[in-house]
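Below is one structure, written out as structure tokens; comments come after it.
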Amino acid sequence: MRTGADFAKKYLTSIGLLICLVVLSVFWGFYYRSTELIEKQLLHQGQSFFQEIVLTRQWAANHNGVYVRLEPGVEPNPYLLKVPGLKVVIRDESGQPYVLKNPALITREISELAAQKGLFRFHITSLNPLNPANAPDPFETDALRKFAAGAKESFSYESRDDDVYFRYMAPLVTEQSCLACHAQQGYKEGDIRGGISVTSSATETA
């Protein structure tokens with residue numbers, strides 16, 4: 001026979017379990033919402049970095065590259081030397097040589113500078129790169145294949161070096177200014193010739 005004490009104990013236990021479920025639901029909802037907001041922030045950050053470097057590349061391409069003073073530590077791009085008719089090294093009236101920096105080389109050097117400052121990394125790559133050093137890694141290879149199938153962007157998380165990184169990538173579309181270097185590869189205006197990936201720390205954002 002149940003007593004009042006047994007009923008009260010069962011009632012309080014049920015109430016306690018209900019409260020625990022409510023609390024867990026609130027915390028789970030908060031965690032899910034926070035994770036969603038962080039991912040949106042990382043995605044927006046990756047998209048912004050991508051657009052900034054694309055604009056930089058477009059400016060350089062619109063001016064047919066940028067010439068910088070040839071001095072120790074600055075060398076001509078050997079892959080540009082293979083492009084017929086392209087003036088890779090020029091001289092001013094005093095005989096001072098200047099070397100051409102094309103958009104791809106500018107992209108790589110800015111990426112190296114950003115990495116040195118611990119900001120982020122980005123990498124220009126293609127399934128058919130002029131420079132073997134620009135070959136894609138597994139994430140980039142998968143993204144490039146998705147772009148060939150019509151995808152507009154790709155992103156993922158990657159764990160390495162005791163950290164979690166957010167990887168973002170979007171395609172590069174061939175424009176008229178790109179053909180000076182890339183026409184020899186068979187590209188034409190409007191083709192997707194590669195992409196730029198952006199890597200940033202996900203733990204710092206979180």
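Within each chain, counting starts at residue 1; across the structure tokens, chains are named A, B, ... in the order shown, with ligands numbered 1 upward in that order.
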
query = Using only C-alpha atoms, which residues sit within 12 Å of A:Leu86 once same-chain residues fewer than 4 positions away are excluded, as a PyMOL selection string?
reply = chain A and resi 64-65+76-82+90+99-102+179-181

Keeping all heavy atoms, export the residues of the selection given above as a short mmCIF file (atom, residue, chain, number, x, y, z; two decimals), in the first residue's frame.
data_model
loop_
_atom_site.label_atom_id
_atom_site.label_comp_id
_atom_site.auth_asym_id
_atom_site.auth_seq_id
_atom_site.Cartn_x
_atom_site.Cartn_y
_atom_site.Cartn_z
N ASN A 64 48.11 44.31 -66.01
CA ASN A 64 49.05 43.35 -66.61
C ASN A 64 50.20 43.01 -65.67
O ASN A 64 51.35 42.83 -66.09
CB ASN A 64 49.60 43.88 -67.93
CG ASN A 64 48.51 44.09 -68.97
OD1 ASN A 64 47.67 43.22 -69.16
ND2 ASN A 64 48.50 45.25 -69.60
N GLY A 65 49.90 42.92 -64.38
CA GLY A 65 50.93 42.61 -63.40
C GLY A 65 51.58 43.86 -62.84
O GLY A 65 51.29 44.98 -63.28
N PRO A 76 62.97 36.51 -60.83
CA PRO A 76 61.91 36.35 -61.83
C PRO A 76 61.18 35.02 -61.65
O PRO A 76 61.78 34.02 -61.27
CB PRO A 76 62.67 36.38 -63.17
CG PRO A 76 63.98 37.04 -62.86
CD PRO A 76 64.30 36.66 -61.44
N ASN A 77 59.89 35.03 -61.90
CA ASN A 77 59.11 33.80 -61.85
C ASN A 77 59.47 32.93 -63.05
O ASN A 77 59.24 33.31 -64.20
CB ASN A 77 57.61 34.15 -61.89
CG ASN A 77 56.73 32.94 -61.69
OD1 ASN A 77 57.08 31.82 -62.03
ND2 ASN A 77 55.53 33.18 -61.15
N PRO A 78 60.09 31.76 -62.82
CA PRO A 78 60.54 30.94 -63.95
C PRO A 78 59.41 30.48 -64.86
O PRO A 78 59.63 30.22 -66.04
CB PRO A 78 61.22 29.75 -63.26
CG PRO A 78 60.60 29.69 -61.90
CD PRO A 78 60.35 31.11 -61.52
N TYR A 79 58.19 30.39 -64.34
CA TYR A 79 57.06 29.95 -65.15
C TYR A 79 56.59 31.07 -66.08
O TYR A 79 56.07 30.80 -67.17
CB TYR A 79 55.93 29.46 -64.26
CG TYR A 79 56.37 28.28 -63.43
CD1 TYR A 79 56.81 28.46 -62.12
CD2 TYR A 79 56.41 27.00 -63.97
CE1 TYR A 79 57.26 27.39 -61.36
CE2 TYR A 79 56.86 25.93 -63.23
CZ TYR A 79 57.28 26.12 -61.92
OH TYR A 79 57.74 25.05 -61.18
N LEU A 80 56.80 32.33 -65.67
CA LEU A 80 56.46 33.44 -66.56
C LEU A 80 57.45 33.56 -67.70
O LEU A 80 57.11 34.01 -68.79
CB LEU A 80 56.43 34.75 -65.75
CG LEU A 80 55.33 34.88 -64.69
CD1 LEU A 80 55.42 36.25 -64.03
CD2 LEU A 80 53.96 34.66 -65.29
N LEU A 81 58.69 33.14 -67.45
CA LEU A 81 59.72 33.21 -68.50
C LEU A 81 59.37 32.31 -69.68
O LEU A 81 59.88 32.50 -70.79
CB LEU A 81 61.08 32.80 -67.92
CG LEU A 81 61.67 33.76 -66.87
CD1 LEU A 81 62.91 33.14 -66.23
CD2 LEU A 81 62.02 35.11 -67.51
N LYS A 82 58.48 31.34 -69.45
CA LYS A 82 58.09 30.41 -70.51
C LYS A 82 56.93 30.94 -71.36
O LYS A 82 56.59 30.33 -72.37
CB LYS A 82 57.69 29.06 -69.90
CG LYS A 82 58.81 28.38 -69.11
CD LYS A 82 58.31 27.09 -68.47
CE LYS A 82 59.40 26.43 -67.64
NZ LYS A 82 58.93 25.17 -67.00
N ILE A 90 62.23 44.20 -67.01
CA ILE A 90 62.40 45.44 -67.77
C ILE A 90 63.42 46.32 -67.04
O ILE A 90 63.78 46.04 -65.89
CB ILE A 90 61.06 46.21 -67.92
CG1 ILE A 90 60.51 46.59 -66.54
CG2 ILE A 90 60.05 45.36 -68.70
CD1 ILE A 90 59.26 47.47 -66.62
N VAL A 99 61.27 43.38 -62.06
CA VAL A 99 60.75 42.07 -62.40
C VAL A 99 59.23 42.05 -62.25
O VAL A 99 58.67 42.70 -61.36
CB VAL A 99 61.40 40.98 -61.52
CG1 VAL A 99 61.06 41.19 -60.05
CG2 VAL A 99 60.97 39.59 -61.94
N LEU A 100 58.58 41.30 -63.11
CA LEU A 100 57.11 41.24 -63.13
C LEU A 100 56.58 40.32 -62.03
O LEU A 100 57.05 39.18 -61.87
CB LEU A 100 56.63 40.72 -64.49
CG LEU A 100 55.12 40.54 -64.66
CD1 LEU A 100 54.40 41.88 -64.58
CD2 LEU A 100 54.82 39.84 -65.99
N LYS A 101 55.61 40.83 -61.28
CA LYS A 101 54.87 40.01 -60.31
C LYS A 101 53.46 39.83 -60.88
O LYS A 101 52.70 40.80 -61.01
CB LYS A 101 54.79 40.72 -58.95
CG LYS A 101 56.13 40.97 -58.28
CD LYS A 101 56.70 39.71 -57.68
CE LYS A 101 57.95 40.03 -56.85
NZ LYS A 101 58.52 38.83 -56.21
N ASN A 102 53.12 38.60 -61.22
CA ASN A 102 51.78 38.33 -61.75
C ASN A 102 50.81 38.06 -60.61
O ASN A 102 51.22 37.87 -59.46
CB ASN A 102 51.83 37.16 -62.73
CG ASN A 102 52.14 35.85 -62.04
OD1 ASN A 102 52.98 35.80 -61.16
ND2 ASN A 102 51.47 34.78 -62.44
N LEU A 179 44.26 35.59 -69.67
CA LEU A 179 44.65 34.75 -70.80
C LEU A 179 46.09 34.96 -71.24
O LEU A 179 46.65 34.12 -71.95
CB LEU A 179 43.69 34.99 -71.97
CG LEU A 179 42.24 34.58 -71.70
CD1 LEU A 179 41.37 34.90 -72.90
CD2 LEU A 179 42.16 33.10 -71.35
N ALA A 180 46.71 36.09 -70.84
CA ALA A 180 48.10 36.31 -71.21
C ALA A 180 48.98 35.18 -70.72
O ALA A 180 49.93 34.77 -71.39
CB ALA A 180 48.58 37.65 -70.64
N CYS A 181 48.66 34.66 -69.53
CA CYS A 181 49.45 33.56 -68.96
C CYS A 181 48.79 32.20 -69.13
O CYS A 181 49.48 31.18 -69.21
CB CYS A 181 49.70 33.81 -67.46
SG CYS A 181 50.70 35.26 -67.10
#

key: Expected answer as an MDAnalysis selection string: strand (DSSP E) residues in stretch 49-205 of chain A   = chainID A and resid 66:69 89:91 97:101 121:125 154:160 163:173 192:201

Can you spit out the residues from that selection as a PDB file, in the first residue's frame, using C-alpha atoms?
ATOM      1  CA  VAL A  66      53.148  44.781 -61.235  1.00  0.00           C
ATOM      2  CA  TYR A  67      56.873  45.399 -61.701  1.00  0.00           C
ATOM      3  CA  VAL A  68      59.058  45.618 -58.596  1.00  0.00           C
ATOM      4  CA  ARG A  69      62.739  46.447 -58.218  1.00  0.00           C
ATOM      5  CA  VAL A  89      62.234  41.796 -66.654  1.00  0.00           C
ATOM      6  CA  ILE A  90      62.397  45.441 -67.771  1.00  0.00           C
ATOM      7  CA  ARG A  91      64.830  48.303 -67.087  1.00  0.00           C
ATOM      8  CA  PRO A  97      65.983  46.172 -63.592  1.00  0.00           C
ATOM      9  CA  TYR A  98      62.414  45.481 -62.495  1.00  0.00           C
ATOM     10  CA  VAL A  99      60.747  42.067 -62.399  1.00  0.00           C
ATOM     11  CA  LEU A 100      57.115  41.235 -63.126  1.00  0.00           C
ATOM     12  CA  LYS A 101      54.872  40.011 -60.309  1.00  0.00           C
ATOM     13  CA  ARG A 121      46.503  31.478 -44.967  1.00  0.00           C
ATOM     14  CA  PHE A 122      45.204  31.309 -48.483  1.00  0.00           C
ATOM     15  CA  HIS A 123      46.330  29.255 -51.447  1.00  0.00           C
ATOM     16  CA  ILE A 124      45.699  29.639 -55.162  1.00  0.00           C
ATOM     17  CA  THR A 125      45.436  26.237 -56.782  1.00  0.00           C
ATOM     18  CA  SER A 154      32.995  24.757 -50.330  1.00  0.00           C
ATOM     19  CA  PHE A 155      33.961  24.735 -46.648  1.00  0.00           C
ATOM     20  CA  SER A 156      34.988  22.262 -43.979  1.00  0.00           C
ATOM     21  CA  TYR A 157      36.808  21.865 -40.650  1.00  0.00           C
ATOM     22  CA  GLU A 158      40.258  20.338 -40.308  1.00  0.00           C
ATOM     23  CA  SER A 159      42.219  19.279 -37.212  1.00  0.00           C
ATOM     24  CA  ARG A 160      46.009  19.540 -37.222  1.00  0.00           C
ATOM     25  CA  ASP A 163      44.192  23.167 -33.461  1.00  0.00           C
ATOM     26  CA  VAL A 164      40.983  23.185 -35.476  1.00  0.00           C
ATOM     27  CA  TYR A 165      40.951  25.150 -38.726  1.00  0.00           C
ATOM     28  CA  PHE A 166      38.115  26.384 -40.901  1.00  0.00           C
ATOM     29  CA  ARG A 167      38.738  25.791 -44.614  1.00  0.00           C
ATOM     30  CA  TYR A 168      36.890  27.863 -47.194  1.00  0.00           C
ATOM     31  CA  MET A 169      37.267  27.814 -50.963  1.00  0.00           C
ATOM     32  CA  ALA A 170      35.587  29.431 -53.963  1.00  0.00           C
ATOM     33  CA  PRO A 171      36.337  29.188 -57.699  1.00  0.00           C
ATOM     34  CA  LEU A 172      38.306  31.532 -59.953  1.00  0.00           C
ATOM     35  CA  VAL A 173      36.697  32.307 -63.292  1.00  0.00           C
ATOM     36  CA  ILE A 192      36.761  27.877 -64.090  1.00  0.00           C
ATOM     37  CA  ARG A 193      40.531  27.495 -64.029  1.00  0.00           C
ATOM     38  CA  GLY A 194      41.028  26.931 -60.305  1.00  0.00           C
ATOM     39  CA  GLY A 195      40.222  28.442 -56.945  1.00  0.00           C
ATOM     40  CA  ILE A 196      41.545  30.109 -53.820  1.00  0.00           C
ATOM     41  CA  SER A 197      41.312  28.405 -50.435  1.00  0.00           C
ATOM     42  CA  VAL A 198      41.354  30.302 -47.140  1.00  0.00           C
ATOM     43  CA  THR A 199      42.445  28.700 -43.868  1.00  0.00           C
ATOM     44  CA  SER A 200      41.811  30.337 -40.505  1.00  0.00           C
ATOM     45  CA  SER A 201      41.776  29.135 -36.899  1.00  0.00           C
TER      46      SER A 201
END

query = To one decimal place, how far is atom CA of A:Ala104 from atom CA of A:Arg57 in Å?
reply = 7.6 Å

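With only C-alpha atoms as the atoms that count, the minimum distance from A:Gly150 to the choices A:Leu119, A:Asp191, A:Ile38, A:Gln58 is reached by A:Asp191.
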
ask   = Which residue out of A:Ala114, A:Glu140, A:Ala149, A:Gly85 has the minimum interatomic distance to A:Phe49 when only C-alpha atoms are used?
value = A:Ala114

task = Within stretch 39-175 of chain A, find each residue whose DSSP state, derived from the backbone, is helix (DSSP H, G or I), and express the selection as an MDAnalysis selection string.
result = chainID A and resid 39:62 80:82 103:116 132:134 138:148

For the selection just defined, write its residues with C-alpha atoms to a file, as a PDB file, in the first residue's frame.
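Result went into part-v8.pdb, see below:
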ATOM      1  CA  GLU A  39      30.021  28.736 -38.275  1.00  0.00           C
ATOM      2  CA  LYS A  40      28.213  31.643 -39.930  1.00  0.00           C
ATOM      3  CA  GLN A  41      30.909  34.004 -38.650  1.00  0.00           C
ATOM      4  CA  LEU A  42      33.690  31.750 -39.965  1.00  0.00           C
ATOM      5  CA  LEU A  43      31.932  31.398 -43.315  1.00  0.00           C
ATOM      6  CA  HIS A  44      31.467  35.158 -43.636  1.00  0.00           C
ATOM      7  CA  GLN A  45      35.120  35.664 -42.683  1.00  0.00           C
ATOM      8  CA  GLY A  46      36.285  33.163 -45.315  1.00  0.00           C
ATOM      9  CA  GLN A  47      34.097  34.791 -47.968  1.00  0.00           C
ATOM     10  CA  SER A  48      35.463  38.238 -47.063  1.00  0.00           C
ATOM     11  CA  PHE A  49      39.108  37.113 -47.206  1.00  0.00           C
ATOM     12  CA  PHE A  50      38.427  35.453 -50.565  1.00  0.00           C
ATOM     13  CA  GLN A  51      36.826  38.587 -52.027  1.00  0.00           C
ATOM     14  CA  GLU A  52      39.672  40.790 -50.783  1.00  0.00           C
ATOM     15  CA  ILE A  53      42.357  38.693 -52.471  1.00  0.00           C
ATOM     16  CA  VAL A  54      40.267  38.382 -55.658  1.00  0.00           C
ATOM     17  CA  LEU A  55      39.995  42.182 -55.820  1.00  0.00           C
ATOM     18  CA  THR A  56      43.762  42.487 -55.292  1.00  0.00           C
ATOM     19  CA  ARG A  57      44.384  39.965 -58.075  1.00  0.00           C
ATOM     20  CA  GLN A  58      41.924  41.716 -60.371  1.00  0.00           C
ATOM     21  CA  TRP A  59      43.669  45.056 -59.838  1.00  0.00           C
ATOM     22  CA  ALA A  60      47.041  43.481 -60.655  1.00  0.00           C
ATOM     23  CA  ALA A  61      45.625  41.652 -63.695  1.00  0.00           C
ATOM     24  CA  ASN A  62      43.970  44.836 -65.011  1.00  0.00           C
ATOM     25  CA  LEU A  80      56.461  33.439 -66.556  1.00  0.00           C
ATOM     26  CA  LEU A  81      59.719  33.207 -68.500  1.00  0.00           C
ATOM     27  CA  LYS A  82      58.088  30.411 -70.515  1.00  0.00           C
ATOM     28  CA  PRO A 103      48.513  37.838 -59.787  1.00  0.00           C
ATOM     29  CA  ALA A 104      49.366  34.247 -58.794  1.00  0.00           C
ATOM     30  CA  LEU A 105      52.754  35.267 -57.378  1.00  0.00           C
ATOM     31  CA  ILE A 106      51.223  38.270 -55.618  1.00  0.00           C
ATOM     32  CA  THR A 107      48.635  35.946 -54.051  1.00  0.00           C
ATOM     33  CA  ARG A 108      51.314  33.586 -52.753  1.00  0.00           C
ATOM     34  CA  GLU A 109      53.512  36.353 -51.328  1.00  0.00           C
ATOM     35  CA  ILE A 110      50.593  38.047 -49.541  1.00  0.00           C
ATOM     36  CA  SER A 111      49.615  34.652 -48.110  1.00  0.00           C
ATOM     37  CA  GLU A 112      53.151  34.122 -46.807  1.00  0.00           C
ATOM     38  CA  LEU A 113      53.117  37.585 -45.221  1.00  0.00           C
ATOM     39  CA  ALA A 114      49.712  36.945 -43.578  1.00  0.00           C
ATOM     40  CA  ALA A 115      50.923  33.573 -42.252  1.00  0.00           C
ATOM     41  CA  GLN A 116      54.042  35.171 -40.754  1.00  0.00           C
ATOM     42  CA  PRO A 132      53.621  22.405 -59.319  1.00  0.00           C
ATOM     43  CA  ALA A 133      53.942  24.172 -55.938  1.00  0.00           C
ATOM     44  CA  ASN A 134      50.317  25.271 -56.407  1.00  0.00           C
ATOM     45  CA  PRO A 138      42.787  16.802 -50.545  1.00  0.00           C
ATOM     46  CA  PHE A 139      40.280  19.448 -49.396  1.00  0.00           C
ATOM     47  CA  GLU A 140      41.101  21.667 -52.375  1.00  0.00           C
ATOM     48  CA  THR A 141      40.944  18.763 -54.835  1.00  0.00           C
ATOM     49  CA  ASP A 142      37.468  17.838 -53.601  1.00  0.00           C
ATOM     50  CA  ALA A 143      36.341  21.484 -53.791  1.00  0.00           C
ATOM     51  CA  LEU A 144      37.703  21.927 -57.329  1.00  0.00           C
ATOM     52  CA  ARG A 145      35.780  18.868 -58.492  1.00  0.00           C
ATOM     53  CA  LYS A 146      32.622  20.299 -56.909  1.00  0.00           C
ATOM     54  CA  PHE A 147      33.202  23.598 -58.745  1.00  0.00           C
ATOM     55  CA  ALA A 148      33.488  21.709 -62.026  1.00  0.00           C
TER      56      ALA A 148
END
